[in-house]
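Pasted below: target-v9.tsv, TSV, C-alpha atoms and all ligand atoms.
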```tsv
chain	number	residue	atom	x	y	z
A	1	MET	CA	-34.99	36.20	59.69
A	2	LEU	CA	-36.83	34.45	56.94
A	3	GLU	CA	-34.56	36.11	54.41
A	4	LEU	CA	-31.49	35.04	56.35
A	5	LEU	CA	-32.71	31.46	56.39
A	6	LEU	CA	-33.51	31.48	52.67
A	7	ALA	CA	-30.14	33.03	51.87
A	8	LEU	CA	-28.46	30.33	53.96
A	9	ARG	CA	-30.31	27.66	52.09
A	10	GLU	CA	-29.25	29.09	48.73
A	11	GLU	CA	-25.65	29.49	49.86
A	12	LEU	CA	-25.45	25.88	50.91
A	13	GLU	CA	-27.07	24.68	47.71
A	14	ASN	CA	-24.34	26.45	45.70
A	15	LYS	CA	-21.55	25.15	47.89
A	16	LEU	CA	-22.85	21.60	47.68
A	17	LYS	CA	-22.54	21.77	43.90
A	18	VAL	CA	-18.75	22.18	44.07
A	19	VAL	CA	-17.95	19.90	47.00
A	20	ASP	CA	-16.00	16.90	45.76
A	21	SER	CA	-14.62	15.14	48.80
A	22	LEU	CA	-16.04	13.65	51.96
A	23	GLN	CA	-13.78	15.88	53.99
A	24	GLN	CA	-15.11	19.09	52.39
A	25	LEU	CA	-18.64	17.83	52.97
A	26	GLU	CA	-17.96	17.24	56.65
A	27	GLU	CA	-16.57	20.79	56.93
A	28	LEU	CA	-19.79	22.12	55.40
A	29	ARG	CA	-21.94	20.11	57.82
A	30	VAL	CA	-20.07	21.47	60.81
A	31	GLY	CA	-20.06	24.97	59.33
A	32	TYR	CA	-23.84	25.07	58.82
A	33	LEU	CA	-25.46	22.59	61.17
A	34	GLY	CA	-22.87	22.27	63.94
A	35	LYS	CA	-23.17	23.84	67.44
A	36	LYS	CA	-21.30	26.90	66.26
A	37	GLY	CA	-22.74	26.63	62.75
A	38	LYS	CA	-24.47	29.32	60.72
A	39	LEU	CA	-27.98	27.90	61.22
A	40	THR	CA	-27.52	27.77	64.98
A	41	ASP	CA	-26.36	31.39	64.82
A	42	ILE	CA	-29.50	32.54	63.04
A	43	LEU	CA	-31.78	30.57	65.37
A	44	LYS	CA	-30.26	32.35	68.35
A	45	GLY	CA	-32.29	35.36	67.14
A	46	MET	CA	-35.56	33.46	67.73
A	47	GLY	CA	-35.87	34.95	71.25
A	48	LYS	CA	-36.36	38.41	69.80
A	49	LEU	CA	-39.39	37.37	67.77
A	50	SER	CA	-42.99	37.99	68.84
A	51	PRO	CA	-44.93	35.03	70.30
A	52	GLU	CA	-47.07	34.83	67.11
A	53	GLU	CA	-44.11	34.83	64.80
A	54	ARG	CA	-42.04	32.34	66.82
A	55	PRO	CA	-43.91	29.08	65.95
A	56	LYS	CA	-44.11	30.10	62.28
A	57	MET	CA	-40.43	30.83	62.10
A	58	GLY	CA	-39.69	27.65	64.08
A	59	LYS	CA	-41.52	25.65	61.45
A	60	VAL	CA	-39.59	27.29	58.61
A	61	ALA	CA	-36.34	26.81	60.52
A	62	ASN	CA	-37.05	23.09	60.97
A	63	GLU	CA	-37.89	22.71	57.32
A	64	ILE	CA	-34.66	24.38	56.38
A	65	ARG	CA	-32.68	22.21	58.81
A	66	ASP	CA	-34.28	19.08	57.30
A	67	PHE	CA	-33.56	20.44	53.86
A	68	LEU	CA	-29.90	21.08	54.70
A	69	GLU	CA	-29.51	17.68	56.36
A	70	SER	CA	-31.10	15.74	53.56
A	71	ASN	CA	-29.06	17.61	50.94
A	72	ILE	CA	-25.85	16.87	52.78
A	73	ASP	CA	-26.86	13.21	53.20
A	74	GLU	CA	-27.71	12.99	49.53
A	75	LYS	CA	-24.39	14.49	48.53
A	76	MET	CA	-22.63	12.12	50.93
A	77	ALA	CA	-24.29	9.11	49.26
A	78	LEU	CA	-23.29	10.41	45.83
A	79	LEU	CA	-19.68	10.96	46.86
A	80	LYS	CA	-19.45	7.51	48.45
A	81	ALA	CA	-20.89	5.89	45.34
A	82	ALA	CA	-18.38	7.75	43.16
A	83	ILE	CA	-15.48	6.64	45.35
A	84	LYS	CA	-16.67	3.05	45.20
A	85	GLU	CA	-17.02	3.17	41.45
A	86	GLN	CA	-13.53	4.64	41.11
A	87	LYS	CA	-12.17	1.80	43.22
A	88	ILE	CA	-13.94	-0.85	41.17
A	89	LYS	CA	-12.66	0.74	37.98
A	90	SER	CA	-9.06	0.82	39.16
A	91	GLU	CA	-9.17	-2.76	40.38
A	92	TYR	CA	-11.01	-4.11	37.39
A	93	VAL	CA	-9.42	-7.11	35.72
A	94	ASP	CA	-10.53	-8.18	32.29
A	95	VAL	CA	-10.16	-11.93	32.41
A	96	THR	CA	-11.04	-12.21	28.74
A	97	ILE	CA	-7.92	-10.36	27.48
A	98	PRO	CA	-5.63	-12.85	25.70
A	99	LYS	CA	-2.56	-13.57	27.85
A	100	LYS	CA	0.83	-12.08	27.09
A	101	HIS	CA	3.14	-14.42	25.19
A	102	ILE	CA	5.74	-15.59	27.69
A	103	GLU	CA	8.81	-17.09	26.11
A	104	ILE	CA	10.07	-20.15	27.92
A	105	GLY	CA	13.72	-20.93	27.31
A	106	HIS	CA	15.36	-24.30	27.06
A	107	LEU	CA	18.80	-25.78	27.54
A	108	HIS	CA	21.53	-24.84	25.11
A	109	PRO	CA	22.20	-27.89	22.87
A	110	LEU	CA	25.67	-28.17	24.42
A	111	ASN	CA	24.30	-28.42	27.95
A	112	GLU	CA	21.54	-30.72	26.79
A	113	THR	CA	24.09	-33.18	25.36
A	114	LYS	CA	26.38	-32.78	28.35
A	115	ARG	CA	23.54	-33.69	30.71
A	116	GLN	CA	22.45	-36.56	28.48
A	117	LEU	CA	26.00	-37.96	28.58
A	118	GLU	CA	26.27	-37.57	32.35
A	119	GLU	CA	22.92	-39.31	32.75
A	120	LEU	CA	24.04	-42.20	30.52
A	121	PHE	CA	27.26	-42.67	32.46
A	122	LEU	CA	25.50	-42.34	35.82
A	123	ASN	CA	23.20	-45.16	34.75
A	124	MET	CA	26.27	-47.26	33.95
A	125	GLY	CA	27.60	-46.73	37.46
A	126	PHE	CA	30.09	-43.91	36.83
A	127	LYS	CA	30.73	-41.11	39.34
A	128	VAL	CA	30.18	-37.65	37.82
A	129	LEU	CA	33.01	-35.38	38.98
A	130	ASP	CA	34.05	-31.77	38.52
A	131	GLY	CA	37.53	-30.37	37.96
A	132	PRO	CA	39.04	-26.86	37.89
A	133	GLU	CA	39.60	-24.99	34.62
A	134	ILE	CA	42.88	-23.60	35.93
A	135	GLU	CA	45.10	-26.66	36.37
A	136	THR	CA	48.61	-27.38	37.46
A	137	VAL	CA	51.14	-28.32	34.79
A	138	GLU	CA	51.75	-31.38	36.94
A	139	ASN	CA	48.17	-32.69	36.63
A	140	ASN	CA	47.65	-31.58	33.06
A	141	PHE	CA	50.95	-32.97	31.69
A	142	ASP	CA	53.53	-34.47	34.10
A	143	LEU	CA	51.40	-37.07	35.87
A	144	LEU	CA	49.75	-37.92	32.55
A	145	ASN	CA	53.12	-39.21	31.35
A	146	THR	CA	53.59	-36.36	28.87
A	147	PRO	CA	57.23	-36.09	27.74
A	148	ASP	CA	59.00	-32.78	28.44
A	149	ASP	CA	59.34	-32.10	24.73
A	150	HIS	CA	55.71	-32.87	23.82
A	151	PRO	CA	54.39	-30.08	21.55
A	152	SER	CA	51.17	-29.62	23.57
A	153	ARG	CA	53.30	-28.23	26.43
A	154	ASP	CA	54.42	-25.41	24.19
A	155	ARG	CA	53.35	-21.89	25.09
A	156	SER	CA	52.11	-21.47	21.53
A	157	ASP	CA	49.63	-24.33	22.11
A	158	THR	CA	48.57	-23.98	25.74
A	159	PHE	CA	47.58	-20.89	27.74
A	160	TYR	CA	49.97	-20.48	30.70
A	161	ILE	CA	48.94	-18.54	33.80
A	162	ASP	CA	52.44	-18.89	35.28
A	163	ASP	CA	55.19	-21.52	35.02
A	164	SER	CA	53.20	-24.12	36.92
A	165	HIS	CA	49.58	-23.21	36.08
A	166	ILE	CA	47.64	-23.29	32.83
A	167	LEU	CA	44.11	-23.19	31.48
A	168	ARG	CA	43.64	-26.96	31.20
A	169	SER	CA	44.19	-28.16	27.62
A	170	HIS	CA	41.98	-31.23	28.14
A	171	THR	CA	39.81	-32.78	30.87
A	172	SER	CA	42.33	-35.61	31.44
A	173	PRO	CA	43.79	-33.99	34.61
A	174	VAL	CA	40.48	-34.84	36.32
A	175	GLN	CA	41.53	-38.51	35.87
A	176	ILE	CA	44.59	-37.76	37.98
A	177	ARG	CA	42.58	-35.95	40.66
A	178	ALA	CA	40.06	-38.80	40.79
A	179	MET	CA	42.65	-41.59	41.02
A	180	LYS	CA	44.53	-39.76	43.76
A	181	LYS	CA	41.35	-39.18	45.71
A	182	TYR	CA	39.49	-42.46	45.22
A	183	GLY	CA	42.18	-45.00	44.19
A	184	ALA	CA	41.09	-48.23	42.45
A	185	PRO	CA	38.60	-49.58	41.45
A	186	LEU	CA	37.11	-46.44	39.92
A	187	LYS	CA	34.57	-45.41	37.29
A	188	MET	CA	34.28	-41.68	36.69
A	189	VAL	CA	33.37	-39.07	34.11
A	190	SER	CA	33.92	-35.32	34.18
A	191	ALA	CA	32.66	-32.77	31.67
A	192	GLY	CA	33.72	-29.16	31.27
A	193	ARG	CA	35.54	-26.45	29.39
A	194	THR	CA	39.02	-26.84	27.93
A	195	PHE	CA	41.34	-24.34	26.28
A	196	ARG	CA	43.89	-24.41	23.46
A	197	ASN	CA	45.56	-21.71	21.44
A	198	ASP	CA	43.72	-22.74	18.26
A	199	GLU	CA	42.63	-20.48	15.44
A	200	VAL	CA	38.84	-20.33	15.09
A	201	ASP	CA	37.51	-22.33	12.15
A	202	ASP	CA	34.48	-24.53	11.43
A	203	THR	CA	35.67	-27.26	13.82
A	204	HIS	CA	38.09	-25.45	16.16
A	205	SER	CA	37.76	-22.86	18.92
A	206	PRO	CA	40.18	-21.74	21.68
A	207	MET	CA	37.51	-22.80	24.19
A	208	PHE	CA	35.68	-26.08	23.74
A	209	HIS	CA	34.08	-28.81	25.82
A	210	GLN	CA	35.10	-32.34	26.66
A	211	ILE	CA	33.80	-35.20	28.73
A	212	GLU	CA	36.51	-37.34	30.23
A	213	GLY	CA	35.94	-40.93	31.30
A	214	LEU	CA	38.05	-43.38	33.27
A	215	VAL	CA	37.53	-46.97	34.37
A	216	VAL	CA	40.14	-48.70	36.52
A	217	ASP	CA	39.63	-52.21	37.84
A	218	GLU	CA	41.03	-55.73	37.61
A	219	ASN	CA	40.84	-57.31	34.13
A	220	ILE	CA	39.72	-54.21	32.21
A	221	SER	CA	40.38	-54.68	28.50
A	222	ILE	CA	39.91	-52.97	25.14
A	223	ALA	CA	36.65	-54.96	24.83
A	224	ASN	CA	35.28	-53.02	27.83
A	225	LEU	CA	36.45	-49.74	26.29
A	226	LYS	CA	34.82	-50.43	22.93
A	227	ALA	CA	31.58	-51.74	24.45
A	228	THR	CA	31.27	-48.66	26.68
A	229	ILE	CA	31.98	-46.11	23.97
A	230	ASP	CA	29.81	-47.85	21.36
A	231	THR	CA	26.92	-48.04	23.86
A	232	VAL	CA	27.14	-44.31	24.57
A	233	LEU	CA	27.46	-43.27	20.92
A	234	GLU	CA	24.54	-45.51	20.00
A	235	ALA	CA	22.40	-43.96	22.73
A	236	LEU	CA	23.37	-40.51	21.42
A	237	PHE	CA	23.09	-41.06	17.67
A	238	GLY	CA	20.90	-44.14	17.20
A	239	GLU	CA	21.76	-47.51	15.73
A	240	LYS	CA	22.35	-46.47	12.15
A	241	LEU	CA	25.79	-44.95	12.72
A	242	ASN	CA	28.93	-47.10	12.79
A	243	THR	CA	32.08	-46.37	14.74
A	244	ARG	CA	35.65	-46.59	13.51
A	245	TYR	CA	38.67	-46.93	15.85
A	246	ARG	CA	41.88	-45.58	14.30
A	247	PRO	CA	45.25	-46.19	15.97
A	248	HIS	CA	46.62	-42.97	17.47
A	249	TYR	CA	49.14	-41.72	20.01
A	250	PHE	CA	48.46	-40.20	23.42
A	251	PRO	CA	51.16	-40.14	26.11
A	252	PHE	CA	48.72	-41.30	28.80
A	253	THR	CA	47.21	-44.33	27.01
A	254	GLU	CA	48.75	-47.33	25.27
A	255	PRO	CA	47.42	-48.47	22.89
A	256	SER	CA	45.49	-45.35	21.86
A	257	PHE	CA	42.72	-44.71	19.36
A	258	GLU	CA	40.75	-41.94	17.78
A	259	VAL	CA	37.09	-42.68	17.09
A	260	ASP	CA	34.93	-41.47	14.21
A	261	VAL	CA	31.27	-42.18	13.44
A	262	THR	CA	29.54	-42.43	10.08
A	263	CYS	CA	29.14	-39.01	8.42
A	264	THR	CA	25.52	-38.04	9.10
A	265	LYS	CA	25.30	-35.92	5.97
A	266	CYS	CA	25.96	-38.69	3.44
A	267	MET	CA	25.47	-41.67	5.76
A	268	GLY	CA	28.87	-43.06	4.75
A	269	LYS	CA	28.71	-42.55	1.00
A	270	GLY	CA	31.24	-39.73	0.99
A	271	CYS	CA	30.50	-36.00	0.58
A	272	ASP	CA	32.12	-32.57	0.87
A	273	ALA	CA	31.38	-32.37	4.59
A	274	CYS	CA	33.46	-35.50	5.35
A	275	ASN	CA	36.15	-34.97	2.72
A	276	HIS	CA	34.69	-37.96	0.87
A	277	THR	CA	35.76	-40.38	3.60
A	278	GLY	CA	32.25	-41.30	4.76
A	279	TRP	CA	33.36	-40.67	8.37
A	280	SER	CA	32.82	-37.68	10.66
A	281	MET	CA	35.70	-35.61	12.04
A	282	GLU	CA	37.35	-37.30	15.04
A	283	LEU	CA	34.95	-37.24	17.98
A	284	LEU	CA	37.04	-38.67	20.75
A	285	GLY	CA	40.38	-40.03	21.83
A	286	CYS	CA	40.73	-43.12	23.99
A	287	GLY	CA	42.95	-45.99	25.00
A	288	MET	CA	44.18	-48.25	27.76
A	289	VAL	CA	45.56	-46.22	30.68
A	290	HIS	CA	49.36	-46.18	30.56
A	291	PRO	CA	50.84	-48.09	33.55
A	292	ASN	CA	53.01	-45.05	34.37
A	293	VAL	CA	49.85	-42.97	34.89
A	294	LEU	CA	48.39	-45.54	37.29
A	295	GLU	CA	51.68	-45.70	39.22
A	296	ASN	CA	51.92	-41.87	39.29
A	297	CYS	CA	48.61	-41.92	41.17
A	298	GLY	CA	49.62	-44.70	43.55
A	299	ILE	CA	47.68	-47.49	41.82
A	300	ASP	CA	49.33	-50.91	41.41
A	301	SER	CA	49.63	-51.37	37.63
A	302	GLU	CA	50.34	-55.09	38.05
A	303	LYS	CA	46.96	-55.59	39.66
A	304	TYR	CA	44.84	-52.99	37.88
A	305	THR	CA	44.31	-51.97	34.28
A	306	GLY	CA	42.01	-49.30	32.92
A	307	PHE	CA	40.67	-47.46	29.93
A	308	ALA	CA	40.12	-43.76	29.42
A	309	PHE	CA	38.51	-41.52	26.87
A	310	GLY	CA	38.01	-37.84	26.13
A	311	MET	CA	35.06	-36.88	23.93
A	312	GLY	CA	34.58	-33.50	22.27
A	313	ILE	CA	31.08	-32.49	23.38
A	314	ASP	CA	30.88	-29.69	20.80
A	315	ARG	CA	31.65	-32.12	18.03
A	316	LEU	CA	29.15	-34.68	19.32
A	317	VAL	CA	26.51	-31.90	19.20
A	318	MET	CA	27.55	-30.95	15.67
A	319	VAL	CA	27.23	-34.53	14.43
A	320	LYS	CA	24.00	-35.12	16.35
A	321	HIS	CA	22.26	-32.05	14.90
A	322	GLY	CA	24.06	-31.84	11.55
A	323	ILE	CA	25.67	-28.47	12.40
A	324	GLY	CA	28.49	-27.62	9.99
A	325	ASN	CA	30.01	-24.69	11.89
A	326	LEU	CA	31.20	-24.85	15.51
A	327	ARG	CA	30.96	-21.05	15.89
A	328	LEU	CA	27.15	-21.27	15.84
A	329	LEU	CA	27.29	-23.00	19.23
A	330	PHE	CA	29.03	-20.01	20.83
A	331	ASP	CA	27.36	-17.08	19.05
A	332	ASN	CA	24.25	-17.15	21.28
A	333	ASP	CA	22.06	-16.21	18.33
A	334	LYS	CA	18.45	-16.98	19.26
A	335	ARG	CA	17.51	-17.61	15.62
A	336	PHE	CA	19.91	-20.55	15.74
A	337	LEU	CA	19.27	-21.73	19.31
A	338	THR	CA	15.46	-21.81	19.08
A	339	GLN	CA	15.73	-24.53	16.45
A	340	PHE	CA	16.60	-27.10	19.09
A	401	LIG	N1	42.91	-35.89	26.34
A	401	LIG	C1	42.85	-36.34	24.97
A	401	LIG	C2	42.61	-35.11	24.07
A	401	LIG	O1	42.23	-34.09	24.55
A	401	LIG	C3	41.75	-37.33	24.76
A	401	LIG	C4	41.95	-38.61	25.51
A	401	LIG	C5	41.44	-38.75	26.78
A	401	LIG	C6	42.66	-39.66	24.93
A	401	LIG	C7	41.63	-39.94	27.45
A	401	LIG	C8	42.87	-40.83	25.61
A	401	LIG	C9	42.33	-40.96	26.88
A	401	LIG	O2	42.80	-35.18	22.88
```
Starting from the file, lay out its structure as structure tokens.
Ligand code: PHE
Amino acid sequence: MLELLLALREELENKLKVVDSLQQLEELRVGYLGKKGKLTDILKGMGKLSPEERPKMGKVANEIRDFLESNIDEKMALLKAAIKEQKIKSEYVDVTIPKKHIEIGHLHPLNETKRQLEELFLNMGFKVLDGPEIETVENNFDLLNTPDDHPSRDRSDTFYIDDSHILRSHTSPVQIRAMKKYGAPLKMVSAGRTFRNDEVDDTHSPMFHQIEGLVVDENISIANLKATIDTVLEALFGEKLNTRYRPHYFPFTEPSFEVDVTCTKCMGKGCDACNHTGWSMELLGCGMVHPNVLENCGIDSEKYTGFAFGMGIDRLVMVKHGIGNLRLLFDNDKRFLTQF
């Protein structure tokens, strides 16, 4: 019996060496110390021993039981410690590691200027409105007093969807929508995309951006127009730039003007960029709203007058940041965009 007990002890010692989970350990405990375990089995033989041998063997058996129990407990503690350590390791956060560089974007210069303009006009009491990019020929041309033979109606200049719908060639149809909806008096602006069948060059693109403005009220004059536009351009460019109003023709305004500002490259001296004129490319068209346009929208042109303007946002951005090539605004090249 002594041999059996010693063999059992050795067997368990060897098994304990390779146990590596709490579950395996529990199986061992049941297998050796449990009610149907190996130790219990051996001890069943105690009855066959002589009365002298019995207490001796009982002592050895108890020692071995203690030995087995304490070894299993020890192993259990080791396994639990290892599991805990593993957990700590896997959840460990090194707060001293330098943080990853997270790039934070910013508004595209076009949107930045668009929002700046909307903000300026909002502060001057204008409504900021939206209009659709697909327009009716009626809103884009007819109601804006555009003669049937005006070249801008041509299919080589404007993108037609069908006979009565186009990609709007300017933001002026939003004037029509606004006057029909709100009547007079009215102060509104509307910015967005416009489309013309233009070849791409440094200052032209088939898709570009405008902000339209309209003021209709009693006693509105050219003085109001000039004061408003000069105020906005000054806010955008600073005081150093002058404006120039050149007579022009638009079907929907009379009289009409095109407006330039001082060339920012030479500050008016004359350089290659401004064709030695000292003035920037035309930035906006404007004028006093044609009475026919007011009447077309149900506004009494005897009582009300108005002014309107359409600014090229892309060109404003180019002048503001000294950008010589319009294409850069649409390329989405981060090397260019991160400069702003
Ligand atoms: N719609 C004109 C253009 O695109 C600009 C303009 C708007 C002129 C309003 C006068 C009044 O060129």
Could you list, as a VMD selection string, all protein and nucleic acid residues with an atom at most 10 Å from ligand LIG 401 (chain A), counting all atoms listed in the file?
chain A and resid 140 144 168 to 173 175 194 to 196 209 to 214 248 to 258 282 to 290 307 to 312
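Using all atoms listed in the file, the nearest neighbour of Lys320 in chain A within the list A:Lys334, A:Lys100, A:Lys265, A:Lys75 is A:Lys265.
With CA of Leu4 in chain A on one side and CA of Gly45 in chain A on the other, the separation reads 10.8 Å.
CA of Thr136 in chain A lies 5.7 Å from CA of Ser164 in chain A.
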Could you tell me how far CA of Gln339 in chain A lies from CA of Trp279 in chain A, in Å and to one decimal?
25.2 Å
May I have the residues within 12 Å of Ile176 in chain A as number ranges by chain, using only C-alpha atoms and disregarding those fewer than 4 positions away in the same chain?
A: 129, 131, 135-145, 171-172, 180-184, 186, 188-190, 212-214, 216, 252, 289, 292-299, 308
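Of the residues listed (A:Gly34, A:Gly58, A:Pro109, A:Pro132), A:Pro109 shows the shortest atom-to-atom separation from Phe336 in chain A; distances use only C-alpha atoms.
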Name all residues at most 9 Å from Met57 in chain A (count all atoms listed in the file; drop same-chain ones fewer than 5 positions away) and give them as a ChimeraX atom specification.
/A:1-2,46,49,62
Using only the atoms of range 122-131 of chain A listed in the file, plus 4 Å on each side, state the axis-aligned box centre and edge lengths in Å rounded to one decimal, as JSON.
```
{"center_x": 30.4, "center_y": -38.8, "center_z": 36.6, "size_x": 22.3, "size_y": 24.9, "size_z": 13.4}
```
Set the distance at 12 Å and use only C-alpha atoms: which residues neighbour Ala61 in chain A once local chain neighbours fewer than 6 positions away are removed? I'd like the list as a PyMOL selection string.
chain A and resi 1-6+8-9+33+39-46+53-55+67-68
Next, dump the selected residues to file, keeping only C-alpha atoms, as a PDB file, keeping the file's coordinate frame.
```
ATOM      1  CA  MET A   1     -34.990  36.200  59.690  1.00  0.00           C
ATOM      2  CA  LEU A   2     -36.830  34.450  56.940  1.00  0.00           C
ATOM      3  CA  GLU A   3     -34.560  36.110  54.410  1.00  0.00           C
ATOM      4  CA  LEU A   4     -31.490  35.040  56.350  1.00  0.00           C
ATOM      5  CA  LEU A   5     -32.710  31.460  56.390  1.00  0.00           C
ATOM      6  CA  LEU A   6     -33.510  31.480  52.670  1.00  0.00           C
ATOM      7  CA  LEU A   8     -28.460  30.330  53.960  1.00  0.00           C
ATOM      8  CA  ARG A   9     -30.310  27.660  52.090  1.00  0.00           C
ATOM      9  CA  LEU A  33     -25.460  22.590  61.170  1.00  0.00           C
ATOM     10  CA  LEU A  39     -27.980  27.900  61.220  1.00  0.00           C
ATOM     11  CA  THR A  40     -27.520  27.770  64.980  1.00  0.00           C
ATOM     12  CA  ASP A  41     -26.360  31.390  64.820  1.00  0.00           C
ATOM     13  CA  ILE A  42     -29.500  32.540  63.040  1.00  0.00           C
ATOM     14  CA  LEU A  43     -31.780  30.570  65.370  1.00  0.00           C
ATOM     15  CA  LYS A  44     -30.260  32.350  68.350  1.00  0.00           C
ATOM     16  CA  GLY A  45     -32.290  35.360  67.140  1.00  0.00           C
ATOM     17  CA  MET A  46     -35.560  33.460  67.730  1.00  0.00           C
ATOM     18  CA  GLU A  53     -44.110  34.830  64.800  1.00  0.00           C
ATOM     19  CA  ARG A  54     -42.040  32.340  66.820  1.00  0.00           C
ATOM     20  CA  PRO A  55     -43.910  29.080  65.950  1.00  0.00           C
ATOM     21  CA  PHE A  67     -33.560  20.440  53.860  1.00  0.00           C
ATOM     22  CA  LEU A  68     -29.900  21.080  54.700  1.00  0.00           C
TER      23      LEU A  68
END
```
Please check which residues have atoms at most 12 Å from (21.5, -18.8, 20.6) in the file's coordinates, counting all atoms listed in the file, and write them as a ChimeraX atom specification.
/A:105-110,327-340
Would you save the residues from that selection as a short mmCIF file (atom, residue, chain, number, x, y, z; two decimals), keeping the file's coordinate frame, using C-alpha atoms?
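Final output, part36.cif:
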```
data_model
loop_
_atom_site.label_atom_id
_atom_site.label_comp_id
_atom_site.auth_asym_id
_atom_site.auth_seq_id
_atom_site.Cartn_x
_atom_site.Cartn_y
_atom_site.Cartn_z
CA GLY A 105 13.72 -20.93 27.31
CA HIS A 106 15.36 -24.30 27.06
CA LEU A 107 18.80 -25.78 27.54
CA HIS A 108 21.53 -24.84 25.11
CA PRO A 109 22.20 -27.89 22.87
CA LEU A 110 25.67 -28.17 24.42
CA ARG A 327 30.96 -21.05 15.89
CA LEU A 328 27.15 -21.27 15.84
CA LEU A 329 27.29 -23.00 19.23
CA PHE A 330 29.03 -20.01 20.83
CA ASP A 331 27.36 -17.08 19.05
CA ASN A 332 24.25 -17.15 21.28
CA ASP A 333 22.06 -16.21 18.33
CA LYS A 334 18.45 -16.98 19.26
CA ARG A 335 17.51 -17.61 15.62
CA PHE A 336 19.91 -20.55 15.74
CA LEU A 337 19.27 -21.73 19.31
CA THR A 338 15.46 -21.81 19.08
CA GLN A 339 15.73 -24.53 16.45
CA PHE A 340 16.60 -27.10 19.09
#
```
Go through A:Thr264, A:Asn123, A:Ser152, A:Thr305 one by one, measure the shortest atom-to-atom distance of each to Phe237 in chain A using only C-alpha atoms, and give the residue with the smallest value.
A:Thr264
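Nearest to Ala178 in chain A of all the residues A:Glu239, A:Glu52, A:Asp130, A:Asp202 is A:Asp130, based on all atoms listed in the file.
Each of A:Ile229, A:Leu241, A:Glu63, A:Leu79 was compared to Glu26 in chain A using all atoms listed in the file, and A:Leu79 turns out to be the nearest.
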